[in-house]
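Asks: Just so it is clear, I am handing over coords-v2.txt, which has compact mmCIF, C-alpha atoms.
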```
# COMPACT_ATOMS: atom_id res chain seq x y z
CA MET A 8 19.69 41.48 -9.22
CA GLY A 9 21.31 41.15 -5.79
CA ARG A 10 23.51 38.28 -4.70
CA PRO A 11 21.67 35.19 -3.33
CA SER A 12 21.73 34.73 0.42
CA ILE A 13 23.75 32.00 2.11
CA ALA A 14 20.48 30.29 3.10
CA ALA A 15 19.35 30.27 -0.54
CA LEU A 16 22.69 28.82 -1.69
CA LEU A 17 22.46 26.10 0.95
CA PHE A 18 18.90 25.27 -0.10
CA PHE A 19 19.89 24.83 -3.74
CA ALA A 20 22.95 22.80 -2.77
CA VAL A 21 20.78 20.40 -0.79
CA ALA A 22 18.31 20.21 -3.69
CA LEU A 23 21.12 19.17 -6.04
CA VAL A 24 22.34 16.45 -3.70
CA TYR A 25 18.85 15.27 -2.70
CA PRO A 26 16.59 15.87 -5.70
CA TRP A 27 12.86 16.22 -4.99
CA PRO A 28 10.09 16.63 -7.53
CA ALA A 29 8.79 20.14 -8.05
CA ARG A 30 5.80 20.73 -5.81
CA SER A 31 3.57 20.78 -8.89
CA ALA A 32 4.45 17.09 -9.16
CA GLU A 33 3.34 14.14 -7.07
CA VAL A 34 5.35 13.23 -3.98
CA ILE A 35 5.35 9.78 -2.40
CA VAL A 36 5.21 9.64 1.41
CA GLY A 37 5.76 6.52 3.53
CA LEU A 38 3.51 6.36 6.59
CA VAL A 39 4.84 3.98 9.22
CA GLN A 40 1.92 2.60 11.22
CA LEU A 41 4.27 1.38 13.92
CA ARG A 42 3.12 -1.55 16.03
CA THR A 43 3.10 -0.71 19.72
CA GLU A 44 5.53 -3.52 20.50
CA ASP A 45 8.02 -1.97 18.06
CA ALA A 46 8.20 1.44 19.77
CA GLY A 47 11.89 2.18 20.28
CA ASN A 48 13.00 -0.63 17.95
CA PHE A 49 15.10 1.41 15.54
CA MET A 50 16.12 -1.66 13.53
CA VAL A 51 12.47 -2.27 12.67
CA MET A 52 11.86 1.42 11.98
CA LYS A 53 14.89 1.65 9.71
CA GLU A 54 13.77 -1.40 7.71
CA LEU A 55 10.32 0.10 7.24
CA ALA A 56 11.87 3.40 6.13
CA LYS A 57 14.11 1.54 3.68
CA GLU A 58 11.10 -0.30 2.29
CA ALA A 59 9.34 3.01 1.81
CA ARG A 60 12.37 4.54 0.07
CA ASP A 61 12.70 1.54 -2.23
CA GLN A 62 9.10 2.15 -3.31
CA GLY A 63 9.84 5.77 -4.18
CA ALA A 64 9.13 7.62 -0.93
CA THR A 65 11.13 10.79 -0.26
CA LEU A 66 9.53 11.48 3.12
CA VAL A 67 8.79 8.93 5.87
CA ILE A 68 6.60 9.74 8.88
CA PHE A 69 6.58 7.85 12.20
CA PRO A 70 3.73 8.16 14.77
CA GLU A 71 3.53 9.96 18.09
CA ALA A 72 6.01 8.83 20.79
CA SER A 73 7.69 6.25 18.54
CA ASP A 74 10.63 6.02 20.93
CA LEU A 75 8.90 4.95 24.16
CA GLY A 76 5.18 4.74 23.36
CA TRP A 77 2.57 7.34 24.25
CA LEU A 78 1.83 7.62 28.00
CA ASN A 79 4.65 5.27 28.93
CA PRO A 80 5.69 6.53 32.40
CA ALA A 81 9.28 5.83 31.39
CA ALA A 82 8.96 9.24 29.70
CA PHE A 83 9.77 10.80 33.08
CA THR A 84 12.95 8.80 33.71
CA GLN A 85 14.20 7.51 30.34
CA ALA A 86 13.39 10.23 27.82
CA GLU A 87 16.36 11.87 26.10
CA PRO A 88 16.89 15.52 25.17
CA ILE A 89 16.70 16.73 21.58
CA PRO A 90 19.31 16.42 20.20
CA GLY A 91 20.00 13.19 22.02
CA ARG A 92 20.12 9.43 21.61
CA TYR A 93 16.63 8.93 20.17
CA SER A 94 16.60 11.94 17.87
CA ASP A 95 20.08 10.92 16.69
CA ALA A 96 18.74 7.46 15.83
CA PHE A 97 16.06 9.01 13.61
CA ALA A 98 18.71 11.32 12.10
CA ASP A 99 20.82 8.28 11.25
CA ILE A 100 17.86 6.75 9.40
CA ALA A 101 17.45 9.96 7.42
CA SER A 102 21.11 10.35 6.48
CA GLU A 103 21.82 6.69 5.77
CA LEU A 104 18.77 6.29 3.53
CA GLY A 105 18.80 9.79 2.00
CA LEU A 106 15.27 10.54 3.22
CA TRP A 107 13.35 13.29 4.92
CA VAL A 108 12.13 11.81 8.21
CA ALA A 109 9.44 13.08 10.58
CA ALA A 110 8.86 11.40 13.92
CA GLY A 111 7.02 11.80 17.18
CA LEU A 112 9.19 11.15 20.23
CA THR A 113 9.41 11.89 23.92
CA GLU A 114 11.74 14.69 25.02
CA LYS A 115 13.45 15.08 28.39
CA GLY A 116 12.43 18.27 30.14
CA PRO A 117 13.54 20.10 33.30
CA LYS A 118 14.28 18.34 36.57
CA ALA A 119 11.11 17.35 38.44
CA GLY A 120 10.15 19.25 41.57
CA PRO A 121 10.57 18.45 45.27
CA GLY A 122 9.13 15.14 46.42
CA SER A 123 9.80 13.43 43.10
CA ARG A 124 12.14 10.52 42.55
CA PRO A 125 15.77 11.66 42.22
CA ASP A 126 15.89 10.46 38.60
CA ALA A 127 12.59 12.10 37.58
CA PHE A 128 12.28 14.78 34.91
CA LEU A 129 9.38 16.48 33.21
CA ALA A 130 8.75 15.33 29.63
CA TYR A 131 7.51 16.86 26.39
CA ASP A 132 5.46 15.09 23.71
CA SER A 133 7.59 16.25 20.80
CA GLY A 134 8.11 15.88 17.07
CA ILE A 135 11.03 16.49 14.72
CA LEU A 136 11.56 16.87 10.97
CA ILE A 137 14.98 15.82 9.69
CA ASN A 138 16.46 16.50 6.26
CA PRO A 139 18.38 13.89 4.22
CA LYS A 140 21.68 15.12 5.69
CA GLY A 141 20.47 14.13 9.17
CA GLN A 142 19.85 17.70 10.36
CA VAL A 143 16.80 18.54 12.49
CA VAL A 144 15.08 21.40 10.66
CA LEU A 145 11.88 21.48 12.77
CA HIS A 146 11.47 20.71 16.47
CA HIS A 147 8.00 20.95 17.95
CA ARG A 148 6.74 20.40 21.50
CA GLN A 149 3.05 19.56 21.68
CA PHE A 150 1.03 22.49 23.03
CA ASN A 151 -2.38 20.84 23.40
CA VAL A 152 -1.41 17.99 25.74
CA VAL A 153 -4.03 15.59 27.09
CA LYS A 154 -4.25 16.45 30.78
CA ASN A 155 -3.75 13.84 33.51
CA ALA A 156 -3.71 10.90 31.09
CA PHE A 157 -0.84 8.98 32.71
CA ASP A 158 -1.56 6.10 35.08
CA SER A 159 -2.18 7.50 38.55
CA VAL A 160 -0.10 4.83 40.30
CA ALA A 161 2.90 5.73 38.13
CA CYS A 162 2.35 9.44 38.85
CA GLN A 163 2.30 8.76 42.58
CA THR A 164 5.44 6.62 42.37
CA ILE A 165 7.46 9.05 40.25
CA PHE A 166 6.21 12.48 41.37
CA ASN A 167 4.40 11.76 44.64
CA GLU A 168 1.36 13.27 42.92
CA PRO A 169 -1.98 11.59 42.07
CA GLN A 170 -1.97 12.89 38.47
CA CYS A 171 0.62 13.86 35.87
CA SER A 172 0.86 14.96 32.24
CA TYR A 173 3.32 15.80 29.52
CA THR A 174 4.57 19.37 29.83
CA PRO A 175 3.07 21.65 27.14
CA GLY A 176 5.33 23.47 24.71
CA GLU A 177 4.92 27.14 23.86
CA LYS A 178 2.27 27.97 21.28
CA GLU A 179 4.52 30.75 19.97
CA ASP A 180 7.18 28.17 19.09
CA ILE A 181 4.98 26.67 16.35
CA ASP A 182 6.86 27.47 13.17
CA ILE A 183 7.36 26.61 9.51
CA VAL A 184 10.46 25.84 7.47
CA GLN A 185 11.01 26.00 3.74
CA THR A 186 11.41 22.52 2.21
CA PRO A 187 10.94 21.19 -1.31
CA LEU A 188 7.32 20.59 -0.25
CA GLY A 189 6.84 24.30 0.32
CA ARG A 190 6.25 26.03 3.64
CA THR A 191 6.29 23.01 5.93
CA ALA A 192 5.02 22.66 9.50
CA LEU A 193 4.96 19.91 12.11
CA LEU A 194 2.31 19.35 14.78
CA VAL A 195 1.88 16.43 17.20
CA CYS A 196 -1.52 14.71 17.33
CA ALA A 197 -3.91 16.78 19.49
CA ASP A 198 -2.35 20.03 18.25
CA ALA A 199 -4.09 19.31 14.93
CA TYR A 200 -7.56 19.01 16.52
CA THR A 201 -10.06 21.69 15.59
CA TYR A 202 -11.85 21.63 18.94
CA ALA A 203 -12.27 25.13 20.39
CA PRO A 204 -10.16 27.06 20.99
CA ALA A 205 -7.87 25.21 18.50
CA ALA A 206 -5.01 27.40 19.69
CA ALA A 207 -2.21 25.51 17.93
CA LEU A 208 -4.01 25.53 14.58
CA GLU A 209 -4.90 29.20 15.03
CA ARG A 210 -1.23 30.00 15.49
CA LEU A 211 -0.23 27.87 12.50
CA LYS A 212 -2.91 29.39 10.27
CA THR A 213 -1.25 32.80 10.60
CA LEU A 214 1.87 31.28 8.99
CA SER A 215 0.02 29.98 5.85
CA PRO A 216 1.73 26.57 5.59
CA ASP A 217 1.65 24.56 2.36
CA PHE A 218 2.32 21.17 3.93
CA VAL A 219 1.63 20.00 7.50
CA ILE A 220 3.02 16.77 8.98
CA VAL A 221 1.34 15.12 11.97
CA PRO A 222 2.62 12.14 13.98
CA TRP A 223 -0.74 10.82 15.22
CA GLY A 224 -1.73 8.75 18.27
CA ILE A 225 -5.43 8.14 17.57
CA THR A 226 -6.92 5.31 19.65
CA ALA A 227 -10.28 3.66 20.28
CA SER A 228 -11.60 1.47 23.08
CA VAL A 229 -12.16 -1.48 20.75
CA GLN A 230 -10.96 -2.27 17.25
CA ASN A 231 -14.36 -2.06 15.57
CA GLN A 232 -14.59 1.63 16.52
CA CYS A 233 -11.54 2.36 14.35
CA GLY A 234 -12.35 4.08 11.09
CA THR A 235 -15.49 5.73 12.44
CA LYS A 236 -15.83 9.50 12.77
CA ASP A 237 -14.05 10.05 16.08
CA PHE A 238 -11.42 7.34 15.61
CA ASN A 239 -9.88 8.05 12.22
CA ALA A 240 -6.58 9.89 11.77
CA THR A 241 -7.33 10.87 8.18
CA ARG A 242 -10.66 12.36 9.23
CA TYR A 243 -8.83 14.56 11.73
CA ALA A 244 -6.34 15.51 8.98
CA ALA A 245 -9.28 16.60 6.80
CA GLU A 246 -10.71 18.74 9.60
CA ALA A 247 -7.32 20.39 10.15
CA ALA A 248 -6.89 21.05 6.42
CA THR A 249 -10.37 22.60 6.24
CA PHE A 250 -9.46 24.83 9.19
CA LEU A 251 -6.13 25.96 7.70
CA LYS A 252 -7.40 26.31 4.11
CA SER A 253 -3.86 26.41 2.70
CA ALA A 254 -2.11 23.08 3.25
CA PHE A 255 -2.01 19.40 2.53
CA VAL A 256 -2.10 17.63 5.93
CA VAL A 257 -0.49 14.19 6.16
CA GLY A 258 0.28 11.93 9.10
CA ALA A 259 1.01 8.45 10.39
CA ASN A 260 -0.81 6.67 13.21
CA ALA A 261 0.30 3.58 15.15
CA VAL A 262 -1.44 0.20 15.36
CA GLY A 263 -1.79 -2.28 18.20
CA GLU A 264 -2.85 -2.26 21.84
CA ARG A 265 -1.96 0.69 24.07
CA THR A 266 -1.02 -0.68 27.48
CA TYR A 267 0.10 2.55 29.17
CA GLY A 268 -1.86 5.34 30.80
CA ARG A 269 -5.50 5.75 31.72
CA PHE A 270 -8.64 5.04 29.69
CA LEU A 271 -7.85 1.39 29.02
CA PRO A 272 -8.51 -0.81 27.09
CA SER A 273 -7.25 1.13 24.11
CA VAL A 274 -6.03 0.29 20.60
CA TYR A 275 -4.31 2.45 18.00
CA CYS A 276 -6.39 2.68 14.86
CA GLY A 277 -3.96 3.13 11.96
CA ASP A 278 -6.15 4.71 9.25
CA SER A 279 -3.26 6.95 8.15
CA GLY A 280 -3.49 9.19 5.11
CA TYR A 281 -3.68 12.80 3.98
CA ALA A 282 -6.15 15.56 3.18
CA THR A 283 -6.12 18.21 0.46
CA PRO A 284 -6.29 21.93 1.28
CA THR A 285 -10.04 21.77 0.60
CA GLY A 286 -10.43 19.12 3.31
CA VAL A 287 -10.91 16.08 1.07
CA PRO A 288 -9.61 13.00 2.97
CA VAL A 289 -7.52 10.36 1.19
CA GLU A 290 -7.00 7.36 3.42
CA ALA A 291 -4.28 4.87 2.55
CA ALA A 292 -5.20 1.34 1.57
CA LEU A 293 -4.52 -1.38 4.16
CA PRO A 294 -5.44 0.69 7.23
CA ARG A 295 -3.63 -1.64 9.69
CA SER A 296 -0.48 -2.43 7.66
CA ALA A 297 2.90 -1.59 9.22
CA LEU A 298 3.74 0.59 6.21
CA VAL A 299 1.47 2.37 3.77
CA LEU A 300 2.40 4.76 0.98
CA VAL A 301 0.39 7.73 -0.25
CA ARG A 302 0.92 9.75 -3.40
CA ILE A 303 0.28 13.40 -2.68
CA PRO A 304 -0.26 15.59 -5.74
CA GLY A 305 0.96 19.13 -6.08
CA THR A 306 -2.43 20.19 -7.41
CA PHE A 307 -5.99 19.96 -6.12
CA ASP A 308 -9.50 20.89 -7.20
CA ALA A 309 -11.30 23.67 -5.36
CA PRO A 310 -15.08 24.25 -5.58
CA ALA A 311 -15.90 27.37 -7.53
CA GLY A 312 -19.68 27.76 -7.69
CA PRO A 313 -21.26 28.45 -11.10
CA LEU A 314 -18.71 27.97 -13.87
CA LYS A 315 -19.82 27.71 -17.48
CA ASN A 316 -16.89 28.46 -19.77
CA GLU A 317 -13.27 29.56 -20.15
CA THR A 318 -14.20 33.20 -19.68
CA ASP A 319 -15.83 32.38 -16.34
CA ALA A 320 -12.81 30.28 -15.34
CA THR A 321 -10.35 33.07 -16.18
CA ARG A 322 -12.39 35.48 -14.11
CA ILE A 323 -13.19 33.25 -11.15
CA CYS A 324 -10.46 30.67 -10.70
CA PRO A 325 -7.49 32.89 -9.73
CA GLY A 326 -9.47 34.20 -6.76
CA VAL A 327 -10.72 30.74 -5.80
CA CYS A 328 -7.20 29.32 -5.72
CA ASN A 329 -5.84 32.38 -3.96
CA SER A 330 -8.32 31.74 -1.15
CA TYR A 331 -6.39 28.49 -0.55
CA SER A 332 -3.02 30.31 -0.75
CA SER A 333 -2.44 28.63 -4.11
CA ALA A 334 -2.20 29.57 -7.79
CA TRP A 335 -4.56 28.61 -10.61
CA ASN A 336 -3.03 26.01 -12.94
CA ARG A 337 -5.43 26.88 -15.81
CA ASP A 338 -7.53 23.73 -15.32
CA TRP A 339 -11.24 23.99 -14.63
CA GLU A 340 -14.33 21.87 -14.89
CA ALA A 341 -18.01 22.67 -15.16
CA ALA A 342 -20.71 20.54 -13.54
CA ASN A 343 -24.52 20.46 -13.49
CA GLY A 344 -24.76 22.36 -16.73
CA GLY A 345 -22.54 25.16 -15.42
CA ASP A 346 -24.40 25.63 -12.15
CA ALA A 347 -21.32 24.33 -10.32
CA GLY A 348 -17.66 23.85 -11.11
CA SER A 349 -14.14 23.50 -9.84
CA CYS A 350 -10.78 25.14 -10.42
CA GLY A 351 -7.43 23.38 -10.53
CA CYS A 352 -5.07 24.89 -7.97
CA MET A 353 -1.30 24.46 -7.61
CA VAL A 354 0.66 24.65 -4.40
CA ASP A 355 3.19 27.46 -4.38
CA ALA A 356 6.36 25.81 -3.09
CA GLY A 357 8.34 29.02 -3.16
CA PRO A 358 9.48 31.01 -0.10
```
As C-alpha cells - that is how I would like this structure written.
Replies:
Amino acid sequence: MGRPSIAALLFFAVALVYPWPARSAEVIVGLVQLRTEDAGNFMVMKELAKEARDQGATLVIFPEASDLGWLNPAAFTQAEPIPGRYSDAFADIASELGLWVAAGLTEKGPKAGPGSRPDAFLAYDSGILINPKGQVVLHHRQFNVVKNAFDSVACQTIFNEPQCSYTPGEKEDIDIVQTPLGRTALLVCADAYTYAPAAALERLKTLSPDFVIVPWGITASVQNQCGTKDFNATRYAAEAATFLKSAFVVGANAVGERTYGRFLPSVYCGDSGYATPTGVPVEAALPRSALVLVRIPGTFDAPAGPLKNETDATRICPGVCNSYSSAWNRDWEAANGGDAGSCGCMVDAGP
C-alpha cells in the first residue's frame, strides 16, 4: 500500500481534533432562521450558534445575505471581500465554538463602471463553508441571480442606472469538498431551484454530492402564504434533492419583514429543514423560531417496487441504492403484500 497523501493526513488530523459521527450515524444541524433586524449582528449570530452547539449541533447554517440583508443596496458600497471582515467574523464563530459554519453573505466585487458613485463596487450574492479551525473550505458565488431586484431609486443613485442586480458567479466554479458529511456542496438560494434550465443544479449533479447546504432567502408577500407550495424552503430542498438524486439537501431561511429591494411588501418565511436523497421533505418544528435543530440520518429508505422476501431484496436493493449514489445497508421492507417495498440505503461518506 502506498503512503497516504498530505491531504489525507490533514483530513484525519482534523477528524481527531474535531470528531464527527460516521456518516452512517445521525448528525445534528442548527438552522439559524435569522431575524431581518439581526442581519450583521454577529453577537446575536454567535449566541445562536453556541445554543445550537450546546444542543449537539456540529454544523450551523445561516441564511442568505446574513451580513447586510438580501437586496440591501449597501451591498454596492459596504460589502467586504472574501476573505474579509464579514467572512472573518463567521470564521471566528466556527473556530471559537468548534463548529462547521455555513453562511450566506454579500461579497465585494470589481469596481463599478463609469458614471457610478466613486465608492461603488459590484457585489456577489455569496456563500461560504468554514471548518472548525476557521478555514473557508468552500466559497460559492450565486450563479442564478434574480435580475433587477434592487430598488430602482438606489440603482439610479449608486450606478446612474435604472436597474441593478448582484453579479452572477461562474457556473463552472460550483464545486464539492470532502467533509465528514461526505462530498459536500454549497449553493445560494435560487441556485437550488429546479426551474428550467436549472443550470447550477445540472452542474452540481455531475459532481454527485452527498450533502448540499443552502442558505435560503425564501419570501412571500404576506405571512399566511408562508408554508404553501411556492413559499416553503424545505419544499424547494425536496425538489433539489429529487433533481440531484444523490444528496441530502439542508438549509436555513430567515424570518421577518424584508424592507429592501423591489416586490414589497415581503416577509421571510422560515420553514427551514432538509430533504432526503429521494426528495422526502423534513421540515423543522417551530417554523418561525430563531433557531431550529434537525437530526439528519446517514441512511434513508428508497422505493423499490415489488419486494417480497430476502432473496428479492438481495437482488434488487443494491441497484436501487446505487441509483441514489448510495450503498445498501441490508435493510428492506415489503408493503402491500409484496407488491411494493423499500430498501435501506446508506450515504457513502468516503472520497
Asks: If you measure from atom CA of Tyr275 of chain A to atom CA of Pro216 of chain A, what distance in Å do you get, rounded to one decimal?
Replies: 27.8 Å
Asks: Using all atoms listed in the file, can you list as a VMD selection string the residues within 12 Å of (14.0, 5.1, 25.6)?
Replies: chain A and resid 45 to 49 72 to 77 79 to 88 91 to 94 96 112 to 115
Asks: Could you make a table, as JSON lines, of the residues of segment 285-341 of chain A that have an atom within 9 Å of an atom of segment 217-238 of chain A, each with its nearest atom pair and distance in Å to one decimal, counting only C-alpha atoms, in chain and number order?
Replies:
```
{"residue": "A:Pro294", "atom": "CA", "partner": "A:Gly234", "partner_atom": "CA", "distance": 8.6}
{"residue": "A:Ser332", "atom": "CA", "partner": "A:Asp217", "partner_atom": "CA", "distance": 8.0}
{"residue": "A:Ser333", "atom": "CA", "partner": "A:Asp217", "partner_atom": "CA", "distance": 8.7}
```
Asks: Please measure the separation of atom CA of Phe157 of chain A and atom CA of Ile68 of chain A, giving the value in Å to one decimal.
Replies: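 One can read the atom CA of Phe157 of chain A to atom CA of Ile68 of chain A distance as 25.0 Å.
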Asks: List the neighbours of segment 134-151 of chain A out to 9 Å using all atoms listed in the file; skip same-chain residues closer than 3 positions along the sequence, and give me the result as a PyMOL selection string.
Replies: chain A and resi 21+25+68+71-72+89-90+94-95+97-114+131+154+173-178+180-184+186+191-200+205-207+220-222
Asks: Have a look at atom CA of Ala244 of chain A and atom CA of Ser273 of chain A and let me know their distance in Å, one decimal.
Replies: 20.9 Å
Asks: Within 10 Å of Gly312 of chain A, counting all atoms listed in the file, which residues show up once you throw out same-chain ones fewer than 2 positions away? Write them as a JSON list (two decimals) with C-alpha atoms, in the frame of the given file, please.
Replies:
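Dumped everything to around.json:
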```json
[["chain", "number", "residue", "atom", "x", "y", "z"],
["A", 309, "ALA", "CA", -11.30, 23.67, -5.36],
["A", 310, "PRO", "CA", -15.08, 24.25, -5.58],
["A", 314, "LEU", "CA", -18.71, 27.97, -13.87],
["A", 315, "LYS", "CA", -19.82, 27.71, -17.48],
["A", 323, "ILE", "CA", -13.19, 33.25, -11.15],
["A", 327, "VAL", "CA", -10.72, 30.74, -5.80],
["A", 341, "ALA", "CA", -18.01, 22.67, -15.16],
["A", 342, "ALA", "CA", -20.71, 20.54, -13.54],
["A", 345, "GLY", "CA", -22.54, 25.16, -15.42],
["A", 346, "ASP", "CA", -24.40, 25.63, -12.15],
["A", 347, "ALA", "CA", -21.32, 24.33, -10.32],
["A", 348, "GLY", "CA", -17.66, 23.85, -11.11],
["A", 349, "SER", "CA", -14.14, 23.50, -9.84],
["A", 350, "CYS", "CA", -10.78, 25.14, -10.42]]
```
Asks: Quick one: residues within 12 Å of Asn329 of chain A, all atoms listed in the file, excluding same-chain residues fewer than 5 positions away - as a compact mmCIF listing (two decimals) with C-alpha atoms, keeping the file's coordinate frame?
Replies:
```txt
# COMPACT_ATOMS: atom_id res chain seq x y z
CA SER A 215 0.02 29.98 5.85
CA LYS A 252 -7.40 26.31 4.11
CA SER A 253 -3.86 26.41 2.70
CA PRO A 284 -6.29 21.93 1.28
CA ALA A 309 -11.30 23.67 -5.36
CA ALA A 311 -15.90 27.37 -7.53
CA ILE A 323 -13.19 33.25 -11.15
CA CYS A 324 -10.46 30.67 -10.70
CA ALA A 334 -2.20 29.57 -7.79
CA TRP A 335 -4.56 28.61 -10.61
CA ASN A 336 -3.03 26.01 -12.94
CA CYS A 350 -10.78 25.14 -10.42
CA GLY A 351 -7.43 23.38 -10.53
CA CYS A 352 -5.07 24.89 -7.97
CA MET A 353 -1.30 24.46 -7.61
CA VAL A 354 0.66 24.65 -4.40
CA ASP A 355 3.19 27.46 -4.38
```
Asks: With all atoms listed in the file as the counted atoms, please give the residues lying no more than 8 Å from segment 54-60 of chain A, apart from itself and same-chain residues fewer than 4 positions off, as a list in words.
Replies: Val36, Gly37, Val39, Met50, Ala64, Thr65, Val67, Ile100, Leu104, Leu106, Ala297, Leu298 and Leu300 of chain A
Asks: My list of candidates is A:Ser159, A:Gln40, A:Ile35, A:Glu209. Which is closest to Ser279 of chain A when distances are computed with all atoms listed in the file?
Replies: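 That would be A:Gln40, the residue with the smallest distance to Ser279 of chain A.
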Asks: Given all atoms listed in the file as the basis, pick out the residue of A:Pro70, A:Pro325, A:Pro313, A:Gly286 nearest to Gly344 of chain A.
Replies: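 Looking only at the distances to Gly344 of chain A, the closest residue turns out to be A:Pro313.
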Asks: My list of candidates is A:Phe69, A:Gly277, A:Val34, A:Leu251. Which is closest to Val51 of chain A when distances are computed with only C-alpha atoms?
Replies: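 Nearest to Val51 of chain A: A:Phe69.
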